[in-house]
Structures are given as C-alpha cells and as structure tokens.
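Quick notes on the structure that follows.
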Amino acid sequence: MGIMDPVRKLLSGNSAVKSMVVSVLNRQGYYNITGLDAIRHIEDFRANSGEVMARSRAQTPADVEALRKKYEEPIFGEMSIYRLLELQAQVIDPTNLYLYCGSQLTHTLQIMESMEEAGVDDRELLATTLIHDLGKLAVFKGEKWENIEGGGKFPIGDDNRPGAGLANCTFKWDHADIVHARLAPYVSKDMQWLLRWHSIQTPCEPYMDAHDRSLYEKYFKTFVRHDRTFIFYHLPKKRLDDYVGLIEEFFPKTVLFCLSMLAPLGLFADELSLAAAVL
Ligand SMILES: [Fe+2]
Ligand SMILES: [Fe+2]
C-alpha cells in the first residue's frame, strides 16, 4: 500500500471530508491537491526523488575522487555570471518537492528576497547566495542528478577524523563541489568556503576545524536559514536584472565555466565564437 492510499480513499468520499483532507495536506506541504491526479504526480515525484537520493547515498570515496577529477576538465570558453544565472531558469530540481517544480532561478530569487527582508546586508554573503546553486547547471552536460543533489552532504570517508577540517575529509559529491570547482578562482576565500560547504548536513559538523567553525558562524548559519526555509511558494518581486549591480561588484565580466557542457545543445553561438577567438 502506498503512503497516499488512505488519502486517496478519503478524497473519494464526501466533499466535507475531502476539503478537510485537502486542508490538512496543505499544512503538510502538499499544495495544489485538487484530486487524485495531483496525488499521483506527488507520488511519482517522491518515488523518483527517493531513487535519486538512494543512488546519491551510495556514492563511494572513489566515486567522489572521480567526480573531482571530472570537474577539473579543460574549459573551452567564457560566460557571464548573468548568463549562467539565466540558465538556471531551465533547471528544475527533481529531488525537492518543496520547490514545487519551480526553477533554480526562482529558488535563487526567493532566497535573495528572504535574506533582504530579514535585513541581511552583507554584500559578500548576498553575492555568494546569488551563485550558490550554479553547480546544478551540470545537468546540461548530462550529469546524473545523484551527483548533483542528493539531500545534502554526508560524511563517507573512512579516514575522516573529527576536527580534521572539512577540506581534509570526504563527503558525498554534489552541486556545491561543482560550483566551487568552477568558480573558486573568481571569489574570495570566504565565498569559496560557503560555495563548497553550503549543502553540509548535521553529521558533517564534527569534522569542522576552527576555520570552518568561524565561517559556519559568519555565513553558513544565516545562509542556511533562508536556503532551507520553506519560503518557496512566494512570488519573487525582483528579477535577475535587479542584481546586476551585485554581479558587477563581485564578479568579472566573464568566467570560465564548462562551456563544453552547454555547446552540444547548439546554444550560445556568440559565446562560442568569442571562445574560439580567445583560443
Ligand atoms: Fe544548493
Ligand atoms: Fe539553494
């Protein structure tokens, strides 16, 4: 029996029962429940998400090492941060039901607004937040979702030692490693830290050293409060254009990202010819 089978039964009952069930489900985060089709979609989403998470949790230290090498691959061209952020509009995370199939660009705009509404005014933290999920663009290269997102980072290394420092331990590989691998040369040390470790889960924390703890206090705690809060049903009031000033303040005009992963789609002829000219 599926988890939603009892609900399915109740929704087939009289309308008073149905509206009560719908309201309970809404409070649980099951929005847009209007009938059995919606439940089927949610069940499908959850089943797929569960399979991705299970494959992600099966990563071994050898898998992580292979992925680390993979994302050191030669880079063929340059793109603007703005364009990379725009591309997030095409990425929908299949592992997170609470994003309601919103794009990663929507997710980013929602977090930015949530931070601003809470009075966060540290521009370095805001700039890091703006680009924190760019690693998910690896899906354009055909990267498997279990190597992009699997419910956050967990320790998997046999040699991990408490207090050794996050950089000296092995954790599951995900999109945080990808954005760090590609954009670390362009950002400050503190920004690098947050990009790389923004998806750590509680079991990773004992492995932090004093440096990790200082950045955990400085940036992670505030960041995670907004990234992982269920704010994902509100309509962003701002657009990407509203963050052009922040982009110009913190990032060069273009960054070397894996253009190779985007070129096969037949996109970005301009960027390709620019890259060809540079090379
Ligand atoms: Fe993330
Ligand atoms: Fe995020």
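Simple scheme: letters A, B, ... for chains in structure tokens order, numbers from 1 for residues in each chain, numbers from 1 for ligands in the order shown.
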
- prompt: Residues at most 10 Å from ligand 1, using only C-alpha atoms and all ligand atoms? Could they come as number ranges by chain?
  reply: A: 104, 107-108, 129, 131-136, 148-149, 151-152, 174-177, 179, 195-200, 224, 227-228

Query - DSSP-assigned alpha helix (DSSP H) members of region 146-237 of chain A, reported as a VMD selection string - result: chain A and resid 175 to 183 189 to 197 210 to 215 221 to 227

Mind dumping the selected residues with N, CA and C atoms as a PDB file, in the first residue's frame?
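part25.pdb was written with the following content:
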```
ATOM      1  N   HIS A 175      26.332  19.394  -6.126  1.00  0.00           N
ATOM      2  CA  HIS A 175      26.451  20.635  -6.906  1.00  0.00           C
ATOM      3  C   HIS A 175      27.318  21.687  -6.214  1.00  0.00           C
ATOM      4  N   ALA A 176      27.432  21.601  -4.878  1.00  0.00           N
ATOM      5  CA  ALA A 176      28.272  22.566  -4.160  1.00  0.00           C
ATOM      6  C   ALA A 176      29.737  22.405  -4.597  1.00  0.00           C
ATOM      7  N   ASP A 177      30.166  21.146  -4.759  1.00  0.00           N
ATOM      8  CA  ASP A 177      31.536  20.899  -5.221  1.00  0.00           C
ATOM      9  C   ASP A 177      31.730  21.410  -6.646  1.00  0.00           C
ATOM     10  N   ILE A 178      30.686  21.296  -7.451  1.00  0.00           N
ATOM     11  CA  ILE A 178      30.807  21.692  -8.863  1.00  0.00           C
ATOM     12  C   ILE A 178      30.959  23.208  -8.985  1.00  0.00           C
ATOM     13  N   VAL A 179      30.092  23.947  -8.292  1.00  0.00           N
ATOM     14  CA  VAL A 179      30.209  25.417  -8.395  1.00  0.00           C
ATOM     15  C   VAL A 179      31.534  25.880  -7.785  1.00  0.00           C
ATOM     16  N   HIS A 180      31.965  25.218  -6.714  1.00  0.00           N
ATOM     17  CA  HIS A 180      33.251  25.568  -6.111  1.00  0.00           C
ATOM     18  C   HIS A 180      34.393  25.289  -7.087  1.00  0.00           C
ATOM     19  N   ALA A 181      34.353  24.123  -7.722  1.00  0.00           N
ATOM     20  CA  ALA A 181      35.431  23.747  -8.648  1.00  0.00           C
ATOM     21  C   ALA A 181      35.555  24.753  -9.787  1.00  0.00           C
ATOM     22  N   ARG A 182      34.438  25.246 -10.272  1.00  0.00           N
ATOM     23  CA  ARG A 182      34.463  26.119 -11.449  1.00  0.00           C
ATOM     24  C   ARG A 182      34.676  27.588 -11.095  1.00  0.00           C
ATOM     25  N   LEU A 183      34.172  28.033  -9.939  1.00  0.00           N
ATOM     26  CA  LEU A 183      34.189  29.481  -9.679  1.00  0.00           C
ATOM     27  C   LEU A 183      35.140  29.927  -8.567  1.00  0.00           C
ATOM     28  N   LYS A 189      38.215  33.934  -0.420  1.00  0.00           N
ATOM     29  CA  LYS A 189      38.351  32.658   0.315  1.00  0.00           C
ATOM     30  C   LYS A 189      37.071  32.336   1.090  1.00  0.00           C
ATOM     31  N   ASP A 190      36.472  33.360   1.692  1.00  0.00           N
ATOM     32  CA  ASP A 190      35.254  33.100   2.468  1.00  0.00           C
ATOM     33  C   ASP A 190      34.102  32.676   1.550  1.00  0.00           C
ATOM     34  N   MET A 191      34.033  33.289   0.381  1.00  0.00           N
ATOM     35  CA  MET A 191      32.992  32.893  -0.578  1.00  0.00           C
ATOM     36  C   MET A 191      33.228  31.466  -1.059  1.00  0.00           C
ATOM     37  N   GLN A 192      34.499  31.139  -1.298  1.00  0.00           N
ATOM     38  CA  GLN A 192      34.831  29.761  -1.716  1.00  0.00           C
ATOM     39  C   GLN A 192      34.323  28.765  -0.683  1.00  0.00           C
ATOM     40  N   TRP A 193      34.555  29.098   0.582  1.00  0.00           N
ATOM     41  CA  TRP A 193      34.154  28.175   1.660  1.00  0.00           C
ATOM     42  C   TRP A 193      32.645  27.937   1.629  1.00  0.00           C
ATOM     43  N   LEU A 194      31.893  29.027   1.526  1.00  0.00           N
ATOM     44  CA  LEU A 194      30.430  28.866   1.573  1.00  0.00           C
ATOM     45  C   LEU A 194      29.913  28.130   0.337  1.00  0.00           C
ATOM     46  N   LEU A 195      30.494  28.428  -0.826  1.00  0.00           N
ATOM     47  CA  LEU A 195      30.054  27.711  -2.026  1.00  0.00           C
ATOM     48  C   LEU A 195      30.240  26.210  -1.844  1.00  0.00           C
ATOM     49  N   ARG A 196      31.427  25.849  -1.348  1.00  0.00           N
ATOM     50  CA  ARG A 196      31.784  24.427  -1.277  1.00  0.00           C
ATOM     51  C   ARG A 196      30.999  23.648  -0.222  1.00  0.00           C
ATOM     52  N   TRP A 197      30.697  24.346   0.887  1.00  0.00           N
ATOM     53  CA  TRP A 197      30.107  23.621   2.019  1.00  0.00           C
ATOM     54  C   TRP A 197      28.663  24.011   2.269  1.00  0.00           C
ATOM     55  N   ALA A 210      38.696  24.859  13.403  1.00  0.00           N
ATOM     56  CA  ALA A 210      38.403  26.212  13.898  1.00  0.00           C
ATOM     57  C   ALA A 210      38.053  27.159  12.747  1.00  0.00           C
ATOM     58  N   HIS A 211      38.768  26.997  11.624  1.00  0.00           N
ATOM     59  CA  HIS A 211      38.487  27.864  10.469  1.00  0.00           C
ATOM     60  C   HIS A 211      37.077  27.609   9.930  1.00  0.00           C
ATOM     61  N   ASP A 212      36.725  26.333   9.809  1.00  0.00           N
ATOM     62  CA  ASP A 212      35.369  26.000   9.353  1.00  0.00           C
ATOM     63  C   ASP A 212      34.326  26.599  10.295  1.00  0.00           C
ATOM     64  N   ARG A 213      34.597  26.487  11.591  1.00  0.00           N
ATOM     65  CA  ARG A 213      33.605  26.960  12.572  1.00  0.00           C
ATOM     66  C   ARG A 213      33.412  28.472  12.495  1.00  0.00           C
ATOM     67  N   SER A 214      34.505  29.176  12.200  1.00  0.00           N
ATOM     68  CA  SER A 214      34.357  30.628  12.128  1.00  0.00           C
ATOM     69  C   SER A 214      33.490  31.015  10.915  1.00  0.00           C
ATOM     70  N   LEU A 215      33.653  30.286   9.809  1.00  0.00           N
ATOM     71  CA  LEU A 215      32.821  30.608   8.643  1.00  0.00           C
ATOM     72  C   LEU A 215      31.400  30.053   8.786  1.00  0.00           C
ATOM     73  N   LYS A 221      25.289  29.817   8.949  1.00  0.00           N
ATOM     74  CA  LYS A 221      24.065  29.811   9.746  1.00  0.00           C
ATOM     75  C   LYS A 221      22.996  30.718   9.145  1.00  0.00           C
ATOM     76  N   THR A 222      23.413  31.894   8.718  1.00  0.00           N
ATOM     77  CA  THR A 222      22.450  32.820   8.110  1.00  0.00           C
ATOM     78  C   THR A 222      21.982  32.287   6.763  1.00  0.00           C
ATOM     79  N   PHE A 223      22.944  31.816   5.975  1.00  0.00           N
ATOM     80  CA  PHE A 223      22.599  31.330   4.638  1.00  0.00           C
ATOM     81  C   PHE A 223      21.558  30.212   4.710  1.00  0.00           C
ATOM     82  N   VAL A 224      21.847  29.233   5.564  1.00  0.00           N
ATOM     83  CA  VAL A 224      21.032  28.026   5.577  1.00  0.00           C
ATOM     84  C   VAL A 224      19.614  28.308   6.089  1.00  0.00           C
ATOM     85  N   ARG A 225      19.504  29.314   6.939  1.00  0.00           N
ATOM     86  CA  ARG A 225      18.188  29.693   7.462  1.00  0.00           C
ATOM     87  C   ARG A 225      17.257  30.089   6.317  1.00  0.00           C
ATOM     88  N   HIS A 226      17.817  30.670   5.278  1.00  0.00           N
ATOM     89  CA  HIS A 226      16.986  31.101   4.153  1.00  0.00           C
ATOM     90  C   HIS A 226      16.928  30.038   3.050  1.00  0.00           C
ATOM     91  N   ASP A 227      18.069  29.371   2.807  1.00  0.00           N
ATOM     92  CA  ASP A 227      18.099  28.361   1.738  1.00  0.00           C
ATOM     93  C   ASP A 227      17.195  27.184   2.062  1.00  0.00           C
TER      94      ASP A 227
END
```

Name all residues at most 7 Å from region 62-73 of chain A (count only C-alpha atoms; drop same-chain ones fewer than 2 positions away) and give them as a PDB file with N, CA and C atoms, in the first residue's frame.
```pdb
ATOM      1  N   GLN A  59      27.173   6.762  -3.127  1.00  0.00           N
ATOM      2  CA  GLN A  59      28.500   7.232  -3.582  1.00  0.00           C
ATOM      3  C   GLN A  59      29.601   6.704  -2.667  1.00  0.00           C
ATOM      4  N   THR A  60      30.713   6.332  -3.273  1.00  0.00           N
ATOM      5  CA  THR A  60      31.877   5.882  -2.506  1.00  0.00           C
ATOM      6  C   THR A  60      32.958   6.958  -2.594  1.00  0.00           C
ATOM      7  N   ILE A  75      38.605  23.689 -19.867  1.00  0.00           N
ATOM      8  CA  ILE A  75      37.464  24.581 -20.094  1.00  0.00           C
ATOM      9  C   ILE A  75      37.648  25.260 -21.438  1.00  0.00           C
ATOM     10  N   LYS A 172      29.917  13.222   0.490  1.00  0.00           N
ATOM     11  CA  LYS A 172      29.245  12.992  -0.788  1.00  0.00           C
ATOM     12  C   LYS A 172      29.481  14.176  -1.711  1.00  0.00           C
ATOM     13  N   TRP A 173      29.634  13.886  -2.995  1.00  0.00           N
ATOM     14  CA  TRP A 173      29.829  14.922  -4.001  1.00  0.00           C
ATOM     15  C   TRP A 173      28.469  15.467  -4.425  1.00  0.00           C
ATOM     16  N   ILE A 178      30.686  21.296  -7.451  1.00  0.00           N
ATOM     17  CA  ILE A 178      30.807  21.692  -8.863  1.00  0.00           C
ATOM     18  C   ILE A 178      30.959  23.208  -8.985  1.00  0.00           C
ATOM     19  N   ALA A 181      34.353  24.123  -7.722  1.00  0.00           N
ATOM     20  CA  ALA A 181      35.431  23.747  -8.648  1.00  0.00           C
ATOM     21  C   ALA A 181      35.555  24.753  -9.787  1.00  0.00           C
TER      22      ALA A 181
END
```

re CA of Gly157 (chain A) and CA of Thr229 (chain A): distance 28.9 Å

Please provide as a short mmCIF file (atom, residue, chain, number, x, y, z; two decimals) with N, CA and C atoms, in the first residue's frame all residues within 8 Å of Gln201 (chain A), with the sequence filter that same-chain residues fewer than 2 positions apart are discarded (counting only C-alpha atoms).
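Listed below is the output, around04.cif:
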```
data_model
loop_
_atom_site.label_atom_id
_atom_site.label_comp_id
_atom_site.auth_asym_id
_atom_site.auth_seq_id
_atom_site.Cartn_x
_atom_site.Cartn_y
_atom_site.Cartn_z
N GLY A 152 21.85 16.78 0.30
CA GLY A 152 22.92 17.42 1.06
C GLY A 152 24.12 16.52 1.27
N LYS A 153 25.15 17.13 1.85
CA LYS A 153 26.41 16.39 2.06
C LYS A 153 26.37 15.57 3.35
N PHE A 154 26.91 14.35 3.24
CA PHE A 154 27.09 13.48 4.41
C PHE A 154 28.50 12.91 4.35
N SER A 199 25.96 22.89 1.38
CA SER A 199 24.96 21.82 1.49
C SER A 199 25.28 20.81 2.59
N PRO A 203 25.52 15.74 10.28
CA PRO A 203 26.60 14.76 10.55
C PRO A 203 27.98 15.21 10.07
N CYS A 204 28.05 16.25 9.24
CA CYS A 204 29.36 16.75 8.77
C CYS A 204 30.01 17.65 9.81
N GLU A 205 29.21 18.22 10.69
CA GLU A 205 29.71 19.29 11.55
C GLU A 205 30.87 18.89 12.48
#
```

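Within region 96-253 of chain A, DSSP run on the backbone puts these residues in strand (DSSP E or B): Lys153, Pro155, Phe171 and Ile200 of chain A.
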
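For the residues A:Leu240, A:Ala138, A:Met115, A:Ile81, ranking by smallest atom-to-atom distance to Tyr186 (chain A) using only C-alpha atoms places A:Ile81 first.
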
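Using only C-alpha atoms and all ligand atoms, the shortest contact distance between ligand 2 and any of A:Ile111, A:Val52, A:Cys101, A:Ala38 is found at A:Ile111.
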
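Considering the residues A:Met208, A:Val22, A:Leu246, A:Leu85 and counting only C-alpha atoms, Leu126 (chain A) has its shortest atom-to-atom contact with A:Leu246.
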